[in-house]
$ cat run-v2.cif   # mmCIF, C-alpha atoms
data_final
#
loop_
_atom_site.label_atom_id
_atom_site.label_comp_id
_atom_site.auth_asym_id
_atom_site.auth_seq_id
_atom_site.Cartn_x
_atom_site.Cartn_y
_atom_site.Cartn_z
CA MET X 28 -28.27 -12.87 22.45
CA ASP X 29 -27.12 -12.30 26.02
CA ARG X 30 -29.36 -11.10 28.81
CA VAL X 31 -28.27 -10.38 32.33
CA CYS X 32 -30.97 -11.12 34.87
CA GLU X 33 -30.55 -9.16 38.09
CA THR X 34 -34.17 -8.88 39.21
CA ASP X 35 -37.25 -11.06 39.34
CA TYR X 36 -38.70 -8.91 36.55
CA ASP X 37 -35.65 -9.61 34.36
CA ARG X 38 -36.11 -13.34 34.95
CA LYS X 39 -39.83 -13.14 34.19
CA MET X 40 -39.15 -11.32 30.90
CA LEU X 41 -36.51 -13.88 29.91
CA LEU X 42 -38.93 -16.73 30.58
CA ARG X 43 -41.58 -14.97 28.50
CA PHE X 44 -39.05 -14.51 25.68
CA ILE X 45 -38.16 -18.21 25.81
CA GLU X 46 -41.82 -19.27 25.81
CA ASN X 47 -42.32 -17.33 22.57
CA GLN X 48 -39.43 -18.96 20.68
CA LYS X 49 -40.23 -21.40 17.89
CA LEU X 50 -38.94 -24.93 18.41
CA PRO X 51 -36.31 -26.13 18.07
CA PHE X 52 -33.87 -23.64 19.63
CA THR X 53 -30.78 -23.73 21.80
CA ALA X 54 -30.38 -21.86 25.06
CA SER X 55 -27.67 -21.62 27.66
CA VAL X 56 -27.53 -20.02 31.07
CA THR X 57 -24.35 -18.86 32.77
CA ALA X 58 -24.25 -18.24 36.50
CA GLY X 59 -22.93 -14.87 37.59
CA LYS X 60 -23.03 -11.34 36.36
CA HIS X 61 -21.41 -10.07 33.16
CA ARG X 62 -17.99 -8.42 33.46
CA THR X 63 -18.01 -4.83 34.72
CA ASN X 64 -16.87 -1.54 33.21
CA ASP X 65 -14.38 -1.16 36.08
CA GLN X 66 -12.84 -4.51 35.14
CA ASN X 67 -12.62 -3.43 31.50
CA ARG X 68 -10.96 -0.12 32.43
CA LEU X 69 -8.45 -1.94 34.65
CA GLN X 70 -7.61 -4.38 31.86
CA ARG X 71 -7.01 -1.51 29.39
CA LEU X 72 -4.83 0.30 31.93
CA TRP X 73 -2.76 -2.80 32.69
CA VAL X 74 -2.30 -3.65 29.00
CA LYS X 75 -0.95 -0.12 28.44
CA GLU X 76 1.33 -0.35 31.49
CA ILE X 77 2.66 -3.77 30.42
CA SER X 78 3.32 -2.54 26.89
CA GLU X 79 5.12 0.58 28.11
CA GLN X 80 7.28 -1.27 30.64
CA LEU X 81 8.23 -4.23 28.46
CA GLY X 82 8.70 -2.03 25.42
CA ASP X 83 8.70 -4.90 22.95
CA ARG X 84 5.00 -5.13 22.08
CA THR X 85 2.03 -2.88 21.50
CA PRO X 86 -0.92 -2.71 23.91
CA GLU X 87 -2.95 -4.70 21.34
CA GLU X 88 -0.30 -7.42 21.27
CA VAL X 89 -0.35 -7.58 25.07
CA ARG X 90 -4.15 -7.78 25.01
CA GLY X 91 -4.06 -10.62 22.47
CA TYR X 92 -1.42 -12.49 24.49
CA CYS X 93 -3.49 -12.17 27.67
CA LYS X 94 -6.67 -13.34 25.96
CA LEU X 95 -4.92 -16.40 24.52
CA HIS X 96 -2.84 -17.37 27.56
CA PHE X 97 -5.21 -16.51 30.42
CA GLY X 98 -8.72 -15.97 29.05
CA VAL X 99 -9.00 -18.97 26.76
CA PRO X 100 -8.05 -21.51 29.47
CA ILE X 101 -10.63 -20.01 31.86
CA LEU X 102 -13.41 -20.23 29.28
CA ARG X 103 -12.40 -23.65 27.98
CA ASN X 104 -12.68 -24.97 31.55
CA GLU X 105 -15.98 -23.30 32.37
CA ASN X 106 -17.95 -22.78 29.15
CA GLU X 107 -18.75 -25.92 27.18
CA ALA X 108 -20.03 -24.07 24.10
CA PHE X 109 -16.88 -21.91 24.00
CA CYS X 110 -14.67 -24.96 24.46
CA GLN X 111 -16.30 -26.82 21.58
CA GLU X 112 -16.09 -23.87 19.18
CA TYR X 113 -12.55 -22.93 20.19
CA ASP X 114 -11.33 -26.52 19.90
CA ALA X 115 -12.97 -26.95 16.49
CA VAL X 116 -11.88 -23.65 14.94
CA VAL X 117 -8.88 -22.17 16.74
CA ARG X 118 -7.04 -24.90 18.64
CA PRO X 119 -5.73 -26.71 15.52
CA LEU X 120 -4.07 -23.51 14.23
CA PRO X 121 -0.39 -22.63 14.69
CA TYR X 122 0.38 -20.43 17.71
CA GLU X 123 1.05 -17.31 15.62
CA HIS X 124 -2.40 -17.59 13.99
CA LYS X 125 -4.12 -18.09 17.33
CA LEU X 126 -2.41 -14.97 18.65
CA LYS X 127 -3.46 -12.94 15.59
CA LEU X 128 -7.06 -14.11 15.99
CA MET X 129 -7.13 -12.65 19.50
CA MET X 130 -6.28 -9.18 18.17
CA VAL X 131 -7.97 -6.61 15.97
CA PRO X 132 -9.16 -6.96 13.23
CA PHE X 133 -10.28 -10.51 14.11
CA ASP X 134 -10.77 -10.01 17.87
CA PHE X 135 -11.99 -13.51 18.75
CA GLY X 136 -14.49 -13.12 21.60
CA VAL X 137 -12.98 -14.11 24.92
CA THR X 138 -13.30 -11.51 27.68
CA ARG X 139 -16.54 -10.09 26.28
CA ILE X 140 -18.36 -13.29 27.23
CA MET X 141 -16.88 -13.59 30.72
CA SER X 142 -18.81 -13.26 33.96
CA THR X 143 -17.46 -10.92 36.64
CA ARG X 144 -15.97 -13.93 38.46
CA GLN X 145 -14.23 -15.14 35.31
CA LYS X 146 -12.96 -11.64 34.50
CA THR X 147 -11.61 -11.38 38.07
CA ALA X 148 -9.72 -14.66 37.59
CA PHE X 149 -8.45 -13.36 34.23
CA LEU X 150 -7.18 -10.12 35.77
CA GLU X 151 -5.57 -11.98 38.66
CA ALA X 152 -3.73 -14.24 36.19
CA ILE X 153 -2.46 -11.18 34.28
CA GLN X 154 -1.34 -9.53 37.50
CA LYS X 155 0.48 -12.64 38.73
CA HIS X 156 2.19 -13.35 35.41
CA PHE X 157 3.48 -9.86 34.74
CA THR X 158 4.35 -8.81 38.30
CA GLU X 159 6.50 -11.96 38.50
CA GLN X 160 8.42 -10.45 35.56
CA GLY X 161 8.93 -7.18 37.45
CA VAL X 162 6.17 -5.22 35.73
CA VAL X 163 4.55 -2.73 38.10
CA LEU X 164 0.78 -2.63 37.62
CA THR X 165 -1.64 -0.12 39.10
CA ASP X 166 -3.18 -1.53 42.28
CA PRO X 167 -6.95 -1.87 41.70
CA SER X 168 -7.69 -0.92 45.32
CA ALA X 169 -5.81 2.36 44.78
CA LEU X 170 -8.09 3.10 41.84
CA GLU X 171 -11.16 2.42 44.00
CA ARG X 172 -9.89 4.78 46.73
CA ARG X 173 -9.12 7.46 44.15
CA ALA X 174 -12.64 7.19 42.67
CA ALA X 175 -14.29 7.48 46.10
#
$ encode --input "run-v2.cif" --output "structure tokens"
Amino acid sequence: MDRVCETDYDRKMLLRFIENQKLPFTASVTAGKHRTNDQNRLQRLWVKEISEQLGDRTPEEVRGYCKLHFGVPILRNENEAFCQEYDAVVRPLPYEHKLKLMMVPFDFGVTRIMSTRQKTAFLEAIQKHFTEQGVVLTDPSALERRAA
């Protein structure tokens, strides 16, 4: 269960929820806000652009590659629970299996558990990696101006 607390009321309700849990239980708190819809839209756009320009992989394959190469390292460094689970279940597998796990139908959770700060770092890593290969990605600030 994930809850984003943005107000004092949200925090109060979370504390009440915790007080009513039977012992023992495990809880974790992550600083920051959950990723945003704008970040998700930008990621989908970039994955499509990368796929179209490289021409050798589907958008889903690009998404899986990005999750494995950029998302996993971010979460392994910053989320102890993720690191433990990933290292126990996924890390021992061959590369091809890890890559398949990042894609549908398995879709190992990576970006869905990121904070906005982590998702920003993830998007910046994608942008750096693929623009260095000559891929032209939509400028996020251009999207913001267009929406305004």
$ closest_residue --input "run-v2.cif" --among "X:Val74, X:Cys32, X:Ala54, X:Leu81" --to "Gln160 in chain X" --atoms "all atoms listed in the file"
X:Leu81
$ atom_distance --input "run-v2.cif" --atom1 "CA of Arg139 in chain X" --atom2 "CA of Gln70 in chain X"
12.0 Å
$ resolve_selection --input "run-v2.cif" --expression "the PyMOL selection byres ((chain X and resi 65-68) around 12)" --output "ChimeraX atom specification"
/X:61-64,69-75,90,138-139,141-151,165,167-168,170-171,174
$ write_last_selection --input "run-v2.cif" --atoms "C-alpha atoms" --output "compact mmCIF listing (two decimals), in the frame of the given file"
# COMPACT_ATOMS: atom_id res chain seq x y z
CA HIS X 61 -21.41 -10.07 33.16
CA ARG X 62 -17.99 -8.42 33.46
CA THR X 63 -18.01 -4.83 34.72
CA ASN X 64 -16.87 -1.54 33.21
CA LEU X 69 -8.45 -1.94 34.65
CA GLN X 70 -7.61 -4.38 31.86
CA ARG X 71 -7.01 -1.51 29.39
CA LEU X 72 -4.83 0.30 31.93
CA TRP X 73 -2.76 -2.80 32.69
CA VAL X 74 -2.30 -3.65 29.00
CA LYS X 75 -0.95 -0.12 28.44
CA ARG X 90 -4.15 -7.78 25.01
CA THR X 138 -13.30 -11.51 27.68
CA ARG X 139 -16.54 -10.09 26.28
CA MET X 141 -16.88 -13.59 30.72
CA SER X 142 -18.81 -13.26 33.96
CA THR X 143 -17.46 -10.92 36.64
CA ARG X 144 -15.97 -13.93 38.46
CA GLN X 145 -14.23 -15.14 35.31
CA LYS X 146 -12.96 -11.64 34.50
CA THR X 147 -11.61 -11.38 38.07
CA ALA X 148 -9.72 -14.66 37.59
CA PHE X 149 -8.45 -13.36 34.23
CA LEU X 150 -7.18 -10.12 35.77
CA GLU X 151 -5.57 -11.98 38.66
CA THR X 165 -1.64 -0.12 39.10
CA PRO X 167 -6.95 -1.87 41.70
CA SER X 168 -7.69 -0.92 45.32
CA LEU X 170 -8.09 3.10 41.84
CA GLU X 171 -11.16 2.42 44.00
CA ALA X 174 -12.64 7.19 42.67
$ residues_around --input "run-v2.cif" --residues "range 128-132 of chain X" --least-positions-apart "4" --cutoff "12 Å" --atoms "all atoms listed in the file" --output "PyMOL selection string"
chain X and resi 85-99+113+116-118+120-124+136-139
$ closest_residue --input "run-v2.cif" --among "X:Met40, X:Leu102, X:Ile77, X:Val56" --to "Leu164 in chain X" --atoms "all atoms listed in the file"
X:Ile77
$ atom_distance --input "run-v2.cif" --atom1 "CA of Phe157 in chain X" --atom2 "CA of Pro119 in chain X"
27.2 Å
$ closest_residue --input "run-v2.cif" --among "X:Ile101, X:Gln111, X:Val162, X:Lys39" --to "Glu79 in chain X" --atoms "all atoms listed in the file"
X:Val162
$ residues_near_point --input "run-v2.cif" --point "(-22.6, -23.5, 25.5)" --cutoff "7 Å" --atoms "all atoms listed in the file" --output "list in words"
Ser55, Asn106, Glu107, Ala108 and Phe109 of chain X
$ atom_distance --input "run-v2.cif" --atom1 "CA of Val31 in chain X" --atom2 "CA of Ala152 in chain X"
25.1 Å
$ decode --input "run-v2.cif" --residues "range 99-147 of chain X" --atoms "N, CA and C atoms" --output "compact mmCIF listing (two decimals), in the first residue's frame"
# COMPACT_ATOMS: atom_id res chain seq x y z
N VAL X 99 16.74 0.71 -12.50
CA VAL X 99 17.19 -0.23 -11.47
C VAL X 99 18.36 0.34 -10.67
N PRO X 100 19.40 0.90 -11.30
CA PRO X 100 20.50 1.45 -10.50
C PRO X 100 20.05 2.57 -9.55
N ILE X 101 19.14 3.41 -10.00
CA ILE X 101 18.63 4.49 -9.13
C ILE X 101 17.96 3.89 -7.90
N LEU X 102 17.07 2.94 -8.11
CA LEU X 102 16.35 2.35 -6.98
C LEU X 102 17.24 1.49 -6.10
N ARG X 103 18.18 0.77 -6.69
CA ARG X 103 19.09 -0.04 -5.87
C ARG X 103 19.92 0.85 -4.94
N ASN X 104 20.24 2.06 -5.39
CA ASN X 104 21.03 2.98 -4.57
C ASN X 104 20.21 3.68 -3.50
N GLU X 105 18.91 3.81 -3.73
CA GLU X 105 18.11 4.67 -2.85
C GLU X 105 16.97 3.98 -2.12
N ASN X 106 16.69 2.73 -2.44
CA ASN X 106 15.55 2.04 -1.84
C ASN X 106 16.02 0.67 -1.36
N GLU X 107 16.24 0.56 -0.07
CA GLU X 107 16.81 -0.66 0.50
C GLU X 107 15.92 -1.87 0.25
N ALA X 108 14.62 -1.72 0.40
CA ALA X 108 13.71 -2.85 0.18
C ALA X 108 13.78 -3.31 -1.27
N PHE X 109 13.79 -2.36 -2.20
CA PHE X 109 13.90 -2.71 -3.62
C PHE X 109 15.22 -3.43 -3.88
N CYS X 110 16.29 -2.89 -3.34
CA CYS X 110 17.62 -3.47 -3.55
C CYS X 110 17.65 -4.92 -3.08
N GLN X 111 17.13 -5.18 -1.91
CA GLN X 111 17.14 -6.54 -1.37
C GLN X 111 16.34 -7.49 -2.24
N GLU X 112 15.14 -7.08 -2.64
CA GLU X 112 14.30 -7.94 -3.48
C GLU X 112 14.92 -8.15 -4.87
N TYR X 113 15.39 -7.07 -5.46
CA TYR X 113 15.99 -7.17 -6.79
C TYR X 113 17.21 -8.09 -6.74
N ASP X 114 18.08 -7.88 -5.76
CA ASP X 114 19.30 -8.67 -5.66
C ASP X 114 18.99 -10.15 -5.40
N ALA X 115 17.93 -10.43 -4.66
CA ALA X 115 17.58 -11.82 -4.37
C ALA X 115 16.92 -12.52 -5.56
N VAL X 116 16.08 -11.80 -6.29
CA VAL X 116 15.26 -12.44 -7.32
C VAL X 116 15.80 -12.23 -8.73
N VAL X 117 16.19 -11.00 -9.06
CA VAL X 117 16.49 -10.67 -10.46
C VAL X 117 17.98 -10.66 -10.75
N ARG X 118 18.77 -10.12 -9.88
CA ARG X 118 20.20 -9.94 -10.16
C ARG X 118 20.93 -11.22 -10.59
N PRO X 119 20.61 -12.37 -9.99
CA PRO X 119 21.33 -13.59 -10.38
C PRO X 119 20.99 -14.09 -11.81
N LEU X 120 19.95 -13.57 -12.41
CA LEU X 120 19.50 -14.06 -13.72
C LEU X 120 20.41 -13.58 -14.85
N PRO X 121 20.41 -14.31 -15.97
CA PRO X 121 21.14 -13.83 -17.15
C PRO X 121 20.53 -12.53 -17.66
N TYR X 122 21.34 -11.73 -18.33
CA TYR X 122 20.91 -10.42 -18.82
C TYR X 122 19.61 -10.50 -19.62
N GLU X 123 19.49 -11.44 -20.53
CA GLU X 123 18.31 -11.55 -21.38
C GLU X 123 17.05 -11.75 -20.55
N HIS X 124 17.14 -12.51 -19.46
CA HIS X 124 15.99 -12.73 -18.59
C HIS X 124 15.64 -11.47 -17.81
N LYS X 125 16.66 -10.76 -17.34
CA LYS X 125 16.41 -9.50 -16.65
C LYS X 125 15.66 -8.54 -17.56
N LEU X 126 16.12 -8.44 -18.80
CA LEU X 126 15.50 -7.54 -19.76
C LEU X 126 14.04 -7.94 -20.00
N LYS X 127 13.78 -9.22 -20.16
CA LYS X 127 12.40 -9.69 -20.37
C LYS X 127 11.52 -9.38 -19.16
N LEU X 128 12.08 -9.48 -17.96
CA LEU X 128 11.30 -9.20 -16.76
C LEU X 128 10.87 -7.73 -16.68
N MET X 129 11.60 -6.85 -17.32
CA MET X 129 11.27 -5.43 -17.29
C MET X 129 10.09 -5.10 -18.21
N MET X 130 9.77 -6.01 -19.12
CA MET X 130 8.76 -5.75 -20.14
C MET X 130 7.48 -6.54 -19.87
N VAL X 131 6.41 -6.12 -20.52
CA VAL X 131 5.15 -6.85 -20.49
C VAL X 131 5.41 -8.22 -21.09
N PRO X 132 4.91 -9.31 -20.53
CA PRO X 132 3.85 -9.38 -19.54
C PRO X 132 4.33 -9.37 -18.09
N PHE X 133 5.65 -9.43 -17.85
CA PHE X 133 6.13 -9.48 -16.47
C PHE X 133 6.11 -8.09 -15.83
N ASP X 134 6.70 -7.11 -16.49
CA ASP X 134 6.65 -5.71 -16.08
C ASP X 134 7.07 -5.49 -14.62
N PHE X 135 8.27 -5.95 -14.30
CA PHE X 135 8.83 -5.77 -12.95
C PHE X 135 8.76 -4.30 -12.56
N GLY X 136 8.20 -4.02 -11.40
CA GLY X 136 7.98 -2.64 -10.95
C GLY X 136 9.27 -1.89 -10.71
N VAL X 137 9.49 -0.85 -11.49
CA VAL X 137 10.66 0.01 -11.31
C VAL X 137 10.17 1.45 -11.23
N THR X 138 9.78 2.01 -12.36
CA THR X 138 9.40 3.43 -12.37
C THR X 138 8.13 3.70 -11.58
N ARG X 139 7.27 2.71 -11.46
CA ARG X 139 6.01 2.96 -10.74
C ARG X 139 6.21 3.22 -9.24
N ILE X 140 7.38 2.87 -8.73
CA ILE X 140 7.62 3.12 -7.30
C ILE X 140 8.56 4.31 -7.08
N MET X 141 8.89 5.02 -8.15
CA MET X 141 9.82 6.15 -8.03
C MET X 141 9.13 7.40 -7.51
N SER X 142 9.90 8.20 -6.80
CA SER X 142 9.47 9.55 -6.42
C SER X 142 9.67 10.46 -7.64
N THR X 143 9.17 11.69 -7.57
CA THR X 143 9.36 12.62 -8.69
C THR X 143 10.85 12.90 -8.91
N ARG X 144 11.62 12.99 -7.83
CA ARG X 144 13.05 13.25 -7.94
C ARG X 144 13.75 12.08 -8.63
N GLN X 145 13.39 10.85 -8.25
CA GLN X 145 13.98 9.68 -8.87
C GLN X 145 13.59 9.57 -10.34
N LYS X 146 12.32 9.87 -10.64
CA LYS X 146 11.86 9.80 -12.02
C LYS X 146 12.56 10.87 -12.86
N THR X 147 12.82 12.04 -12.27
CA THR X 147 13.58 13.08 -12.98
C THR X 147 14.97 12.57 -13.30
